[in-house]
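So this one's run25.cif, mmCIF, C-alpha atoms and all ligand atoms:
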```cif
data_my_file
#
loop_
_atom_site.group_PDB
_atom_site.id
_atom_site.type_symbol
_atom_site.label_atom_id
_atom_site.label_comp_id
_atom_site.auth_asym_id
_atom_site.auth_seq_id
_atom_site.Cartn_x
_atom_site.Cartn_y
_atom_site.Cartn_z
ATOM 1 C CA MET Q 13 98.023 72.250 51.513
ATOM 2 C CA THR Q 14 100.447 69.819 49.838
ATOM 3 C CA LEU Q 15 99.282 67.790 46.887
ATOM 4 C CA SER Q 16 99.559 64.499 48.775
ATOM 5 C CA ALA Q 17 97.468 65.872 51.673
ATOM 6 C CA LEU Q 18 94.893 67.169 49.200
ATOM 7 C CA ILE Q 19 94.651 63.774 47.506
ATOM 8 C CA PHE Q 20 94.382 62.027 50.870
ATOM 9 C CA GLN Q 21 91.542 64.305 51.986
ATOM 10 C CA ALA Q 22 89.783 63.915 48.660
ATOM 11 C CA SER Q 23 89.920 60.121 48.827
ATOM 12 C CA GLU Q 24 88.544 60.168 52.395
ATOM 13 C CA ARG Q 25 85.605 62.268 51.192
ATOM 14 C CA LEU Q 26 84.940 59.899 48.283
ATOM 15 C CA ILE Q 27 84.986 56.909 50.665
ATOM 16 C CA LEU Q 28 82.429 58.681 52.873
ATOM 17 C CA ALA Q 29 80.316 59.238 49.753
ATOM 18 C CA GLY Q 30 80.132 55.441 49.328
ATOM 19 C CA ILE Q 31 82.880 54.820 46.770
ATOM 20 C CA PRO Q 32 84.956 51.684 47.584
ATOM 21 C CA PRO Q 33 88.344 52.666 49.172
ATOM 22 C CA ASP Q 34 90.598 51.297 46.381
ATOM 23 C CA GLU Q 35 88.623 53.117 43.722
ATOM 24 C CA ALA Q 36 88.373 56.276 45.826
ATOM 25 C CA ARG Q 37 92.158 56.541 46.124
ATOM 26 C CA LEU Q 38 92.697 56.117 42.394
ATOM 27 C CA GLU Q 39 89.827 58.460 41.542
ATOM 28 C CA ALA Q 40 91.154 61.164 43.881
ATOM 29 C CA ARG Q 41 94.459 61.055 41.977
ATOM 30 C CA LEU Q 42 92.787 61.122 38.575
ATOM 31 C CA LEU Q 43 90.508 63.999 39.562
ATOM 32 C CA ALA Q 44 93.416 65.952 41.053
ATOM 33 C CA ALA Q 45 95.517 65.414 37.909
ATOM 34 C CA HIS Q 46 92.602 66.596 35.770
ATOM 35 C CA ALA Q 47 91.573 69.572 37.928
ATOM 36 C CA LEU Q 48 95.128 70.832 38.519
ATOM 37 C CA ASN Q 49 96.227 69.998 34.978
ATOM 38 C CA LEU Q 50 99.089 67.778 36.134
ATOM 39 C CA THR Q 51 100.836 65.077 34.160
ATOM 40 C CA ARG Q 52 101.035 61.599 35.687
ATOM 41 C CA GLU Q 53 104.729 62.201 36.474
ATOM 42 C CA ALA Q 54 104.055 65.493 38.252
ATOM 43 C CA LEU Q 55 101.307 63.800 40.213
ATOM 44 C CA PHE Q 56 103.593 61.077 41.498
ATOM 45 C CA LEU Q 57 106.789 63.108 41.932
ATOM 46 C CA GLY Q 58 105.648 66.497 43.141
ATOM 47 C CA GLN Q 59 103.579 65.538 46.131
ATOM 48 C CA SER Q 60 105.170 68.050 48.503
ATOM 49 C CA ASP Q 61 104.293 71.025 46.268
ATOM 50 C CA GLU Q 62 101.522 73.408 47.328
ATOM 51 C CA ALA Q 63 98.235 72.559 45.579
ATOM 52 C CA ASP Q 64 95.276 74.828 44.888
ATOM 53 C CA THR Q 65 92.381 73.138 46.707
ATOM 54 C CA ALA Q 66 89.794 75.417 45.081
ATOM 55 C CA LEU Q 67 90.474 73.907 41.648
ATOM 56 C CA LEU Q 68 89.661 70.387 42.793
ATOM 57 C CA GLU Q 69 86.617 71.271 44.908
ATOM 58 C CA PRO Q 70 83.931 71.441 42.162
ATOM 59 C CA PHE Q 71 85.032 68.087 40.721
ATOM 60 C CA LEU Q 72 85.063 66.522 44.155
ATOM 61 C CA CYS Q 73 81.559 67.776 44.952
ATOM 62 C CA ARG Q 74 80.214 66.345 41.712
ATOM 63 C CA ARG Q 75 81.873 62.980 42.319
ATOM 64 C CA GLU Q 76 80.567 62.973 45.932
ATOM 65 C CA SER Q 77 77.091 63.246 44.461
ATOM 66 C CA ARG Q 78 78.038 60.142 42.403
ATOM 67 C CA GLU Q 79 78.343 61.665 38.967
ATOM 68 C CA PRO Q 80 80.289 59.093 36.900
ATOM 69 C CA LEU Q 81 84.052 59.686 36.927
ATOM 70 C CA ALA Q 82 84.301 59.461 33.127
ATOM 71 C CA TYR Q 83 81.916 62.416 32.679
ATOM 72 C CA LEU Q 84 84.032 64.508 35.070
ATOM 73 C CA LEU Q 85 87.258 63.610 33.275
ATOM 74 C CA GLY Q 86 85.525 63.981 29.883
ATOM 75 C CA GLU Q 87 87.040 60.814 28.478
ATOM 76 C CA ARG Q 88 87.410 57.065 28.870
ATOM 77 C CA GLY Q 89 89.836 54.573 27.367
ATOM 78 C CA PHE Q 90 88.518 51.834 25.088
ATOM 79 C CA TYR Q 91 90.587 49.265 23.177
ATOM 80 C CA GLY Q 92 93.733 51.330 23.770
ATOM 81 C CA ARG Q 93 92.381 54.705 22.611
ATOM 82 C CA ASP Q 94 90.838 57.632 24.499
ATOM 83 C CA PHE Q 95 87.240 58.585 23.683
ATOM 84 C CA PHE Q 96 85.421 61.800 24.567
ATOM 85 C CA VAL Q 97 82.369 61.087 26.709
ATOM 86 C CA THR Q 98 79.570 63.396 27.849
ATOM 87 C CA PRO Q 99 76.319 62.632 29.712
ATOM 88 C CA ASP Q 100 74.743 62.237 26.225
ATOM 89 C CA VAL Q 101 76.480 58.893 25.703
ATOM 90 C CA LEU Q 102 76.943 55.591 27.481
ATOM 91 C CA ILE Q 103 80.428 55.279 28.990
ATOM 92 C CA PRO Q 104 82.396 52.618 27.035
ATOM 93 C CA ARG Q 105 82.813 49.395 29.045
ATOM 94 C CA PRO Q 106 85.783 46.995 28.930
ATOM 95 C CA GLU Q 107 83.485 44.018 28.201
ATOM 96 C CA THR Q 108 82.438 45.694 24.939
ATOM 97 C CA GLU Q 109 85.988 45.113 23.682
ATOM 98 C CA LEU Q 110 84.944 41.460 23.229
ATOM 99 C CA LEU Q 111 82.429 42.595 20.591
ATOM 100 C CA VAL Q 112 85.232 44.444 18.801
ATOM 101 C CA GLU Q 113 87.459 41.341 18.923
ATOM 102 C CA THR Q 114 84.657 39.105 17.644
ATOM 103 C CA THR Q 115 84.147 41.448 14.701
ATOM 104 C CA LEU Q 116 87.876 41.670 13.947
ATOM 105 C CA ALA Q 117 88.009 37.849 13.837
ATOM 106 C CA HIS Q 118 85.368 37.682 11.072
ATOM 107 C CA PRO Q 119 87.001 37.263 7.647
ATOM 108 C CA LYS Q 120 86.467 39.329 4.503
ATOM 109 C CA VAL Q 121 84.627 42.345 5.866
ATOM 110 C CA GLU Q 122 84.347 45.225 3.398
ATOM 111 C CA THR Q 123 81.220 46.945 4.740
ATOM 112 C CA LEU Q 124 80.032 47.132 8.320
ATOM 113 C CA ALA Q 125 77.271 48.807 10.351
ATOM 114 C CA ASP Q 126 77.287 49.641 14.082
ATOM 115 C CA ILE Q 127 73.740 50.083 15.380
ATOM 116 C CA GLY Q 128 73.230 52.475 18.316
ATOM 117 C CA THR Q 129 76.773 53.786 18.215
ATOM 118 C CA GLY Q 130 76.600 56.120 21.263
ATOM 119 C CA SER Q 131 80.116 57.504 21.832
ATOM 120 C CA GLY Q 132 81.130 55.710 18.628
ATOM 121 C CA CYS Q 133 83.580 53.538 20.563
ATOM 122 C CA ILE Q 134 82.800 50.385 18.544
ATOM 123 C CA ALA Q 135 82.556 51.946 15.060
ATOM 124 C CA VAL Q 136 85.552 54.246 15.528
ATOM 125 C CA THR Q 137 87.734 51.471 16.993
ATOM 126 C CA LEU Q 138 86.845 49.191 14.074
ATOM 127 C CA ALA Q 139 87.550 52.000 11.607
ATOM 128 C CA CYS Q 140 90.994 52.509 13.179
ATOM 129 C CA GLU Q 141 91.732 48.773 13.143
ATOM 130 C CA LEU Q 142 90.275 48.149 9.659
ATOM 131 C CA PRO Q 143 90.976 51.327 7.672
ATOM 132 C CA ASP Q 144 89.870 49.784 4.340
ATOM 133 C CA VAL Q 145 86.406 48.806 5.577
ATOM 134 C CA ARG Q 146 83.448 51.106 4.820
ATOM 135 C CA ILE Q 147 81.745 51.703 8.176
ATOM 136 C CA PHE Q 148 78.307 53.152 8.870
ATOM 137 C CA ALA Q 149 77.030 53.934 12.370
ATOM 138 C CA THR Q 150 73.494 54.853 13.414
ATOM 139 C CA ASP Q 151 71.990 56.356 16.550
ATOM 140 C CA LEU Q 152 68.594 57.764 17.465
ATOM 141 C CA SER Q 153 70.265 60.517 19.492
ATOM 142 C CA GLU Q 154 71.691 63.460 17.525
ATOM 143 C CA ARG Q 155 73.570 64.517 20.640
ATOM 144 C CA ALA Q 156 75.241 61.106 20.866
ATOM 145 C CA LEU Q 157 76.153 61.304 17.169
ATOM 146 C CA SER Q 158 77.876 64.636 17.676
ATOM 147 C CA VAL Q 159 80.070 63.056 20.398
ATOM 148 C CA ALA Q 160 80.729 60.082 18.091
ATOM 149 C CA ARG Q 161 81.728 62.448 15.247
ATOM 150 C CA ARG Q 162 84.179 64.230 17.569
ATOM 151 C CA ASN Q 163 85.695 60.863 18.469
ATOM 152 C CA ALA Q 164 86.062 59.872 14.814
ATOM 153 C CA GLU Q 165 87.752 63.197 14.097
ATOM 154 C CA ARG Q 166 90.039 62.906 17.129
ATOM 155 C CA LEU Q 167 91.183 59.430 16.104
ATOM 156 C CA GLY Q 168 91.289 60.065 12.357
ATOM 157 C CA ALA Q 169 88.614 57.442 11.646
ATOM 158 C CA ALA Q 170 86.365 57.487 8.573
ATOM 159 C CA VAL Q 171 82.847 56.540 9.737
ATOM 160 C CA GLU Q 172 79.564 57.545 8.062
ATOM 161 C CA PHE Q 173 77.225 58.543 10.899
ATOM 162 C CA LEU Q 174 73.477 58.382 10.225
ATOM 163 C CA PRO Q 175 70.717 59.604 12.562
ATOM 164 C CA GLY Q 176 67.720 57.327 13.104
ATOM 165 C CA ASP Q 177 66.307 54.177 14.640
ATOM 166 C CA LEU Q 178 68.136 50.848 14.436
ATOM 167 C CA LEU Q 179 68.804 49.789 10.801
ATOM 168 C CA GLY Q 180 66.350 52.358 9.367
ATOM 169 C CA PRO Q 181 68.936 54.958 8.266
ATOM 170 C CA LEU Q 182 71.219 52.451 6.466
ATOM 171 C CA PRO Q 183 71.342 53.008 2.691
ATOM 172 C CA ASP Q 184 68.914 50.972 0.546
ATOM 173 C CA GLY Q 185 70.146 48.308 -1.826
ATOM 174 C CA PHE Q 186 73.323 47.835 0.162
ATOM 175 C CA LEU Q 187 74.314 44.575 1.860
ATOM 176 C CA PHE Q 188 76.709 44.504 4.817
ATOM 177 C CA ASP Q 189 79.361 41.935 5.686
ATOM 178 C CA ALA Q 190 78.882 42.643 9.399
ATOM 179 C CA ILE Q 191 76.231 44.242 11.612
ATOM 180 C CA VAL Q 192 77.257 44.854 15.225
ATOM 181 C CA SER Q 193 75.447 46.399 18.164
ATOM 182 C CA ASN Q 194 75.590 46.958 21.897
ATOM 183 C CA PRO Q 195 71.934 47.934 22.291
ATOM 184 C CA PRO Q 196 70.130 49.057 25.465
ATOM 185 C CA TYR Q 197 69.370 45.786 27.243
ATOM 186 C CA ILE Q 198 68.453 46.593 30.851
ATOM 187 C CA SER Q 199 64.769 46.134 31.729
ATOM 188 C CA PHE Q 200 62.978 48.794 33.816
ATOM 189 C CA GLY Q 201 62.442 46.081 36.455
ATOM 190 C CA GLU Q 202 66.189 46.077 37.125
ATOM 191 C CA LYS Q 203 66.342 49.846 37.703
ATOM 192 C CA ALA Q 204 66.411 49.542 41.500
ATOM 193 C CA THR Q 205 69.555 47.367 41.314
ATOM 194 C CA LEU Q 206 71.634 49.959 39.424
ATOM 195 C CA SER Q 207 74.274 52.188 41.024
ATOM 196 C CA PRO Q 208 73.805 55.980 41.104
ATOM 197 C CA GLU Q 209 76.618 56.225 38.531
ATOM 198 C CA VAL Q 210 74.861 53.959 36.017
ATOM 199 C CA LEU Q 211 71.599 55.846 36.579
ATOM 200 C CA GLY Q 212 73.524 59.007 35.646
ATOM 201 C CA GLU Q 213 74.025 57.632 32.111
ATOM 202 C CA PRO Q 214 71.425 58.321 29.372
ATOM 203 C CA HIS Q 215 68.368 56.154 30.036
ATOM 204 C CA VAL Q 216 67.729 55.801 26.314
ATOM 205 C CA ALA Q 217 71.119 54.047 26.081
ATOM 206 C CA LEU Q 218 70.486 51.764 29.076
ATOM 207 C CA PHE Q 219 66.873 50.642 29.084
ATOM 208 C CA ASP Q 220 64.825 48.433 26.822
ATOM 209 C CA VAL Q 221 61.070 48.958 27.116
ATOM 210 C CA GLU Q 222 60.291 45.220 27.066
ATOM 211 C CA ALA Q 223 60.153 43.420 30.415
ATOM 212 C CA ASP Q 224 62.878 40.887 29.537
ATOM 213 C CA GLY Q 225 65.274 43.444 28.031
ATOM 214 C CA LEU Q 226 65.318 41.517 24.723
ATOM 215 C CA GLY Q 227 63.285 43.956 22.583
ATOM 216 C CA PHE Q 228 66.218 45.293 20.586
ATOM 217 C CA TYR Q 229 67.506 41.768 19.919
ATOM 218 C CA ARG Q 230 64.096 40.691 18.574
ATOM 219 C CA ARG Q 231 64.066 43.660 16.232
ATOM 220 C CA LEU Q 232 67.686 43.082 15.158
ATOM 221 C CA ALA Q 233 67.044 39.376 14.527
ATOM 222 C CA SER Q 234 64.100 40.107 12.237
ATOM 223 C CA LYS Q 235 65.539 43.139 10.406
ATOM 224 C CA SER Q 236 69.231 42.441 9.949
ATOM 225 C CA SER Q 237 68.926 39.434 7.629
ATOM 226 C CA GLN Q 238 67.555 41.798 4.940
ATOM 227 C CA LYS Q 239 70.685 43.922 5.287
ATOM 228 C CA LEU Q 240 73.352 41.205 5.489
ATOM 229 C CA ALA Q 241 75.330 39.731 2.607
ATOM 230 C CA PRO Q 242 75.536 35.903 2.459
ATOM 231 C CA GLY Q 243 78.092 34.832 5.057
ATOM 232 C CA GLY Q 244 77.603 38.127 6.896
ATOM 233 C CA LEU Q 245 78.085 38.432 10.659
ATOM 234 C CA LEU Q 246 75.492 39.604 13.185
ATOM 235 C CA ALA Q 247 77.204 40.157 16.552
ATOM 236 C CA VAL Q 248 75.784 41.810 19.671
ATOM 237 C CA GLU Q 249 76.692 42.407 23.279
ATOM 238 C CA VAL Q 250 74.153 41.033 25.768
ATOM 239 C CA GLY Q 251 73.429 41.442 29.487
ATOM 240 C CA GLN Q 252 73.951 38.755 32.098
ATOM 241 C CA GLY Q 253 71.546 35.845 31.494
ATOM 242 C CA GLN Q 254 70.537 37.032 28.014
ATOM 243 C CA ALA Q 255 73.041 35.046 25.913
ATOM 244 C CA ALA Q 256 71.005 31.816 25.663
ATOM 245 C CA PRO Q 257 67.678 33.491 24.756
ATOM 246 C CA VAL Q 258 69.423 35.754 22.215
ATOM 247 C CA ALA Q 259 71.212 32.741 20.675
ATOM 248 C CA GLN Q 260 67.766 31.112 20.323
ATOM 249 C CA LEU Q 261 66.416 34.232 18.619
ATOM 250 C CA TRP Q 262 69.338 34.146 16.162
ATOM 251 C CA SER Q 263 68.776 30.441 15.367
ATOM 252 C CA ALA Q 264 65.011 30.920 14.976
ATOM 253 C CA ALA Q 265 65.667 33.810 12.550
ATOM 254 C CA GLY Q 266 67.772 31.487 10.357
ATOM 255 C CA PHE Q 267 71.275 32.437 11.440
ATOM 256 C CA GLU Q 268 73.862 29.651 11.382
ATOM 257 C CA ASP Q 269 76.932 28.857 13.441
ATOM 258 C CA VAL Q 270 75.387 30.714 16.388
ATOM 259 C CA THR Q 271 78.004 31.116 19.132
ATOM 260 C CA ILE Q 272 78.110 32.593 22.634
ATOM 261 C CA LEU Q 273 81.407 34.192 23.718
ATOM 262 C CA LEU Q 274 82.309 34.615 27.391
ATOM 263 C CA ASP Q 275 83.796 37.748 28.941
ATOM 264 C CA LEU Q 276 86.702 37.738 31.424
ATOM 265 C CA ALA Q 277 84.260 37.117 34.270
ATOM 266 C CA GLY Q 278 82.982 33.975 32.484
ATOM 267 C CA ILE Q 279 79.623 35.572 31.598
ATOM 268 C CA GLY Q 280 78.077 35.005 28.145
ATOM 269 C CA ARG Q 281 78.633 38.522 26.764
ATOM 270 C CA VAL Q 282 78.589 38.351 22.958
ATOM 271 C CA VAL Q 283 76.258 36.389 20.677
ATOM 272 C CA ARG Q 284 77.236 35.992 17.050
ATOM 273 C CA GLY Q 285 75.629 34.287 14.063
ATOM 274 C CA ILE Q 286 76.275 33.992 10.341
ATOM 275 C CA TRP Q 287 73.695 34.750 7.681
ATOM 276 C CA HIS Q 288 73.409 32.352 4.748
ATOM 277 C CA LEU Q 289 70.971 33.051 1.957
ATOM 278 C CA GLN Q 290 68.708 30.077 1.314
ATOM 279 C CA PRO Q 291 69.128 28.900 -2.334
HETATM 280 N N1 LIG Q 301 77.754 51.420 21.177
HETATM 281 C C1 LIG Q 301 78.002 52.201 22.341
HETATM 282 C C2 LIG Q 301 78.808 51.415 23.352
HETATM 283 O O1 LIG Q 301 78.989 50.250 23.217
HETATM 284 C C3 LIG Q 301 76.692 52.689 22.947
HETATM 285 C C4 LIG Q 301 75.820 51.587 23.421
HETATM 286 C C5 LIG Q 301 74.509 52.074 24.005
HETATM 287 O O2 LIG Q 301 74.282 53.288 24.088
HETATM 288 N N2 LIG Q 301 73.670 51.152 24.397
HETATM 289 O O3 LIG Q 301 79.286 51.935 24.320
#
```
structure tokens encoding of this file:
Amino acid sequence: MTLSALIFQASERLILAGIPPDEARLEARLLAAHALNLTREALFLGQSDEADTALLEPFLCRRESREPLAYLLGERGFYGRDFFVTPDVLIPRPETELLVETTLAHPKVETLADIGTGSGCIAVTLACELPDVRIFATDLSERALSVARRNAERLGAAVEFLPGDLLGPLPDGFLFDAIVSNPPYISFGEKATLSPEVLGEPHVALFDVEADGLGFYRRLASKSSQKLAPGGLLAVEVGQGQAAPVAQLWSAAGFEDVTILLDLAGIGRVVRGIWHLQP
């Protein structure tokens, strides 16, 4: 079978599996390139060459059963760099780049902590962009941390990874200029609304045990002030509809200049606040 016929058949199968046609066509190409070890150029130029259907088949079957594409390809782009991903980590999302930009816009950062680092996409990106900043990253999952360490190594980033819950593993007697996090914020009540792909991601990275999905924000609001230097930034990603309640939590905890930033879809996606020590 020619490569173009193989890709056509594969995209038809993905459409039948419930993947929207535009995505199915692109995914069929990406999976074929990955499975047959083709460069982008070979993929687009050599479509009359004979292709080995058997190589693509296992990937196609897994995608038909709605395994996330990024896990099949083994990587996902984030802020212009490629990150390894496995089913042990949340797949980096484009909207999380807004959290990176918010952090980069904060002046005079020398020390920073990323809480619940997962694939390490936030901490490693910031380490690449701000090579002089000392960056710590925590995660409860050792398996996630080993993916994050591989990403730091791949991208030549110096990040100190610490296993444990929330801010717990951060060194004592050390104040940070910025604390950032994209914590699990989906409530169990929303589970039925999620796609099979999202449900294929680690539940510990997706779900908050509290009914409103705000549990991690409550804990961050109360704990991070003890770890922030005066003028320090607390910035988090939030789910749809959570920006206003999280901004209220930040204000109630004594943060100043509390701001909601909108993503490209116009949804409040990042909440930031500045910590000032009371005299
Ligand atoms: N910090 C990682 C990310 O933004 C992981 C987040 C998570 O697991 N909730 O992708």
Scan for residues within 9 Å of the point (71.0, 44.5, 3.8) in the coordinates of the file, using only C-alpha atoms, and reply as a PDB file with C-alpha atoms, keeping the file's coordinate frame.
```
ATOM      1  CA  LEU Q 182      71.219  52.451   6.466  1.00  0.00           C
ATOM      2  CA  PRO Q 183      71.342  53.008   2.691  1.00  0.00           C
ATOM      3  CA  ASP Q 184      68.914  50.972   0.546  1.00  0.00           C
ATOM      4  CA  GLY Q 185      70.146  48.308  -1.826  1.00  0.00           C
ATOM      5  CA  PHE Q 186      73.323  47.835   0.162  1.00  0.00           C
ATOM      6  CA  LEU Q 187      74.314  44.575   1.860  1.00  0.00           C
ATOM      7  CA  PHE Q 188      76.709  44.504   4.817  1.00  0.00           C
ATOM      8  CA  ASP Q 189      79.361  41.935   5.686  1.00  0.00           C
ATOM      9  CA  LYS Q 235      65.539  43.139  10.406  1.00  0.00           C
ATOM     10  CA  SER Q 236      69.231  42.441   9.949  1.00  0.00           C
ATOM     11  CA  SER Q 237      68.926  39.434   7.629  1.00  0.00           C
ATOM     12  CA  GLN Q 238      67.555  41.798   4.940  1.00  0.00           C
ATOM     13  CA  LYS Q 239      70.685  43.922   5.287  1.00  0.00           C
ATOM     14  CA  LEU Q 240      73.352  41.205   5.489  1.00  0.00           C
ATOM     15  CA  ALA Q 241      75.330  39.731   2.607  1.00  0.00           C
TER      16      ALA Q 241
END
```
Exercise. What do you get, as a ChimeraX atom specification, if you spell out every residue that the PyMOL selection byres (((chain Q and resi 103) around 8) and not hetatm) selects here?
Worked result: /Q:82,88,97,101-102,104-105,131,213
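Picture a line from CA of Leu179 (chain Q) to CA of Leu273 (chain Q); it runs 23.9 Å.
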Against ligand LIG 301 (chain Q), which residues of chain Q fall within 10 Å? For each one I want the closest pair of atoms and the distance in Å (one decimal), counting all atoms listed in the file, rows by chain and increasing residue number, as a Markdown table.
```
| residue | atom | partner | partner_atom | distance |
| --- | --- | --- | --- | --- |
| Q:Phe90 | CA | Q:LIG301 | O3 | 9.3 |
| Q:Val97 | CA | Q:LIG301 | O3 | 9.9 |
| Q:Asp100 | CA | Q:LIG301 | O2 | 9.2 |
| Q:Val101 | CA | Q:LIG301 | O2 | 6.2 |
| Q:Leu102 | CA | Q:LIG301 | O2 | 4.9 |
| Q:Ile103 | CA | Q:LIG301 | O3 | 5.9 |
| Q:Pro104 | CA | Q:LIG301 | O3 | 4.2 |
| Q:Arg105 | CA | Q:LIG301 | O3 | 6.4 |
| Q:Pro106 | CA | Q:LIG301 | O3 | 9.4 |
| Q:Glu107 | CA | Q:LIG301 | O1 | 9.2 |
| Q:Thr108 | CA | Q:LIG301 | O1 | 6.0 |
| Q:Glu109 | CA | Q:LIG301 | O1 | 8.7 |
| Q:Leu111 | CA | Q:LIG301 | O1 | 8.8 |
| Q:Val112 | CA | Q:LIG301 | O1 | 9.6 |
| Q:Asp126 | CA | Q:LIG301 | N1 | 7.3 |
| Q:Ile127 | CA | Q:LIG301 | N1 | 7.2 |
| Q:Gly128 | CA | Q:LIG301 | N1 | 5.5 |
| Q:Thr129 | CA | Q:LIG301 | N1 | 3.9 |
| Q:Gly130 | CA | Q:LIG301 | C3 | 3.8 |
| Q:Ser131 | CA | Q:LIG301 | C1 | 5.7 |
| Q:Gly132 | CA | Q:LIG301 | C1 | 6.0 |
| Q:Cys133 | CA | Q:LIG301 | C2 | 5.9 |
| Q:Ile134 | CA | Q:LIG301 | N1 | 5.8 |
| Q:Ala135 | CA | Q:LIG301 | N1 | 7.8 |
| Q:Ala149 | CA | Q:LIG301 | N1 | 9.2 |
| Q:Thr150 | CA | Q:LIG301 | N1 | 9.5 |
| Q:Asp151 | CA | Q:LIG301 | O2 | 8.5 |
| Q:Leu152 | CA | Q:LIG301 | O2 | 9.8 |
| Q:Ser153 | CA | Q:LIG301 | O2 | 9.5 |
| Q:Ala156 | CA | Q:LIG301 | O2 | 8.5 |
| Q:Ala160 | CA | Q:LIG301 | C1 | 9.4 |
| Q:Val192 | CA | Q:LIG301 | N1 | 8.9 |
| Q:Ser193 | CA | Q:LIG301 | N1 | 6.3 |
| Q:Asn194 | CA | Q:LIG301 | C4 | 4.9 |
| Q:Pro195 | CA | Q:LIG301 | N2 | 4.2 |
| Q:Pro196 | CA | Q:LIG301 | N2 | 4.2 |
| Q:Tyr197 | CA | Q:LIG301 | N2 | 7.4 |
| Q:Ile198 | CA | Q:LIG301 | N2 | 9.5 |
| Q:Glu213 | CA | Q:LIG301 | O2 | 9.1 |
| Q:Pro214 | CA | Q:LIG301 | O2 | 7.8 |
| Q:His215 | CA | Q:LIG301 | O2 | 8.9 |
| Q:Val216 | CA | Q:LIG301 | O2 | 7.4 |
| Q:Ala217 | CA | Q:LIG301 | O2 | 3.8 |
| Q:Leu218 | CA | Q:LIG301 | N2 | 5.7 |
| Q:Phe219 | CA | Q:LIG301 | N2 | 8.3 |
| Q:Asp220 | CA | Q:LIG301 | N2 | 9.6 |
| Q:Val248 | CA | Q:LIG301 | O1 | 9.7 |
| Q:Glu249 | CA | Q:LIG301 | O1 | 8.2 |
```
Export of prior selection with C-alpha atoms as a PDB file, in the coordinates of the input:
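The result, stored in result.pdb:
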```pdb
ATOM      1  CA  PHE Q  90      88.518  51.834  25.088  1.00  0.00           C
ATOM      2  CA  VAL Q  97      82.369  61.087  26.709  1.00  0.00           C
ATOM      3  CA  ASP Q 100      74.743  62.237  26.225  1.00  0.00           C
ATOM      4  CA  VAL Q 101      76.480  58.893  25.703  1.00  0.00           C
ATOM      5  CA  LEU Q 102      76.943  55.591  27.481  1.00  0.00           C
ATOM      6  CA  ILE Q 103      80.428  55.279  28.990  1.00  0.00           C
ATOM      7  CA  PRO Q 104      82.396  52.618  27.035  1.00  0.00           C
ATOM      8  CA  ARG Q 105      82.813  49.395  29.045  1.00  0.00           C
ATOM      9  CA  PRO Q 106      85.783  46.995  28.930  1.00  0.00           C
ATOM     10  CA  GLU Q 107      83.485  44.018  28.201  1.00  0.00           C
ATOM     11  CA  THR Q 108      82.438  45.694  24.939  1.00  0.00           C
ATOM     12  CA  GLU Q 109      85.988  45.113  23.682  1.00  0.00           C
ATOM     13  CA  LEU Q 111      82.429  42.595  20.591  1.00  0.00           C
ATOM     14  CA  VAL Q 112      85.232  44.444  18.801  1.00  0.00           C
ATOM     15  CA  ASP Q 126      77.287  49.641  14.082  1.00  0.00           C
ATOM     16  CA  ILE Q 127      73.740  50.083  15.380  1.00  0.00           C
ATOM     17  CA  GLY Q 128      73.230  52.475  18.316  1.00  0.00           C
ATOM     18  CA  THR Q 129      76.773  53.786  18.215  1.00  0.00           C
ATOM     19  CA  GLY Q 130      76.600  56.120  21.263  1.00  0.00           C
ATOM     20  CA  SER Q 131      80.116  57.504  21.832  1.00  0.00           C
ATOM     21  CA  GLY Q 132      81.130  55.710  18.628  1.00  0.00           C
ATOM     22  CA  CYS Q 133      83.580  53.538  20.563  1.00  0.00           C
ATOM     23  CA  ILE Q 134      82.800  50.385  18.544  1.00  0.00           C
ATOM     24  CA  ALA Q 135      82.556  51.946  15.060  1.00  0.00           C
ATOM     25  CA  ALA Q 149      77.030  53.934  12.370  1.00  0.00           C
ATOM     26  CA  THR Q 150      73.494  54.853  13.414  1.00  0.00           C
ATOM     27  CA  ASP Q 151      71.990  56.356  16.550  1.00  0.00           C
ATOM     28  CA  LEU Q 152      68.594  57.764  17.465  1.00  0.00           C
ATOM     29  CA  SER Q 153      70.265  60.517  19.492  1.00  0.00           C
ATOM     30  CA  ALA Q 156      75.241  61.106  20.866  1.00  0.00           C
ATOM     31  CA  ALA Q 160      80.729  60.082  18.091  1.00  0.00           C
ATOM     32  CA  VAL Q 192      77.257  44.854  15.225  1.00  0.00           C
ATOM     33  CA  SER Q 193      75.447  46.399  18.164  1.00  0.00           C
ATOM     34  CA  ASN Q 194      75.590  46.958  21.897  1.00  0.00           C
ATOM     35  CA  PRO Q 195      71.934  47.934  22.291  1.00  0.00           C
ATOM     36  CA  PRO Q 196      70.130  49.057  25.465  1.00  0.00           C
ATOM     37  CA  TYR Q 197      69.370  45.786  27.243  1.00  0.00           C
ATOM     38  CA  ILE Q 198      68.453  46.593  30.851  1.00  0.00           C
ATOM     39  CA  GLU Q 213      74.025  57.632  32.111  1.00  0.00           C
ATOM     40  CA  PRO Q 214      71.425  58.321  29.372  1.00  0.00           C
ATOM     41  CA  HIS Q 215      68.368  56.154  30.036  1.00  0.00           C
ATOM     42  CA  VAL Q 216      67.729  55.801  26.314  1.00  0.00           C
ATOM     43  CA  ALA Q 217      71.119  54.047  26.081  1.00  0.00           C
ATOM     44  CA  LEU Q 218      70.486  51.764  29.076  1.00  0.00           C
ATOM     45  CA  PHE Q 219      66.873  50.642  29.084  1.00  0.00           C
ATOM     46  CA  ASP Q 220      64.825  48.433  26.822  1.00  0.00           C
ATOM     47  CA  VAL Q 248      75.784  41.810  19.671  1.00  0.00           C
ATOM     48  CA  GLU Q 249      76.692  42.407  23.279  1.00  0.00           C
TER      49      GLU Q 249
END
```
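With distances restricted to all atoms listed in the file, Q:Leu232 is the closest residue to Ala265 (chain Q) from Q:Ala247, Q:Leu232, Q:Ile191, Q:Met13.
Compared by their closest atoms to Leu246 (chain Q), and using all atoms listed in the file, the residues Q:Ile31, Q:Ala277, Q:Leu124, Q:Val221 rank with Q:Leu124 nearest.
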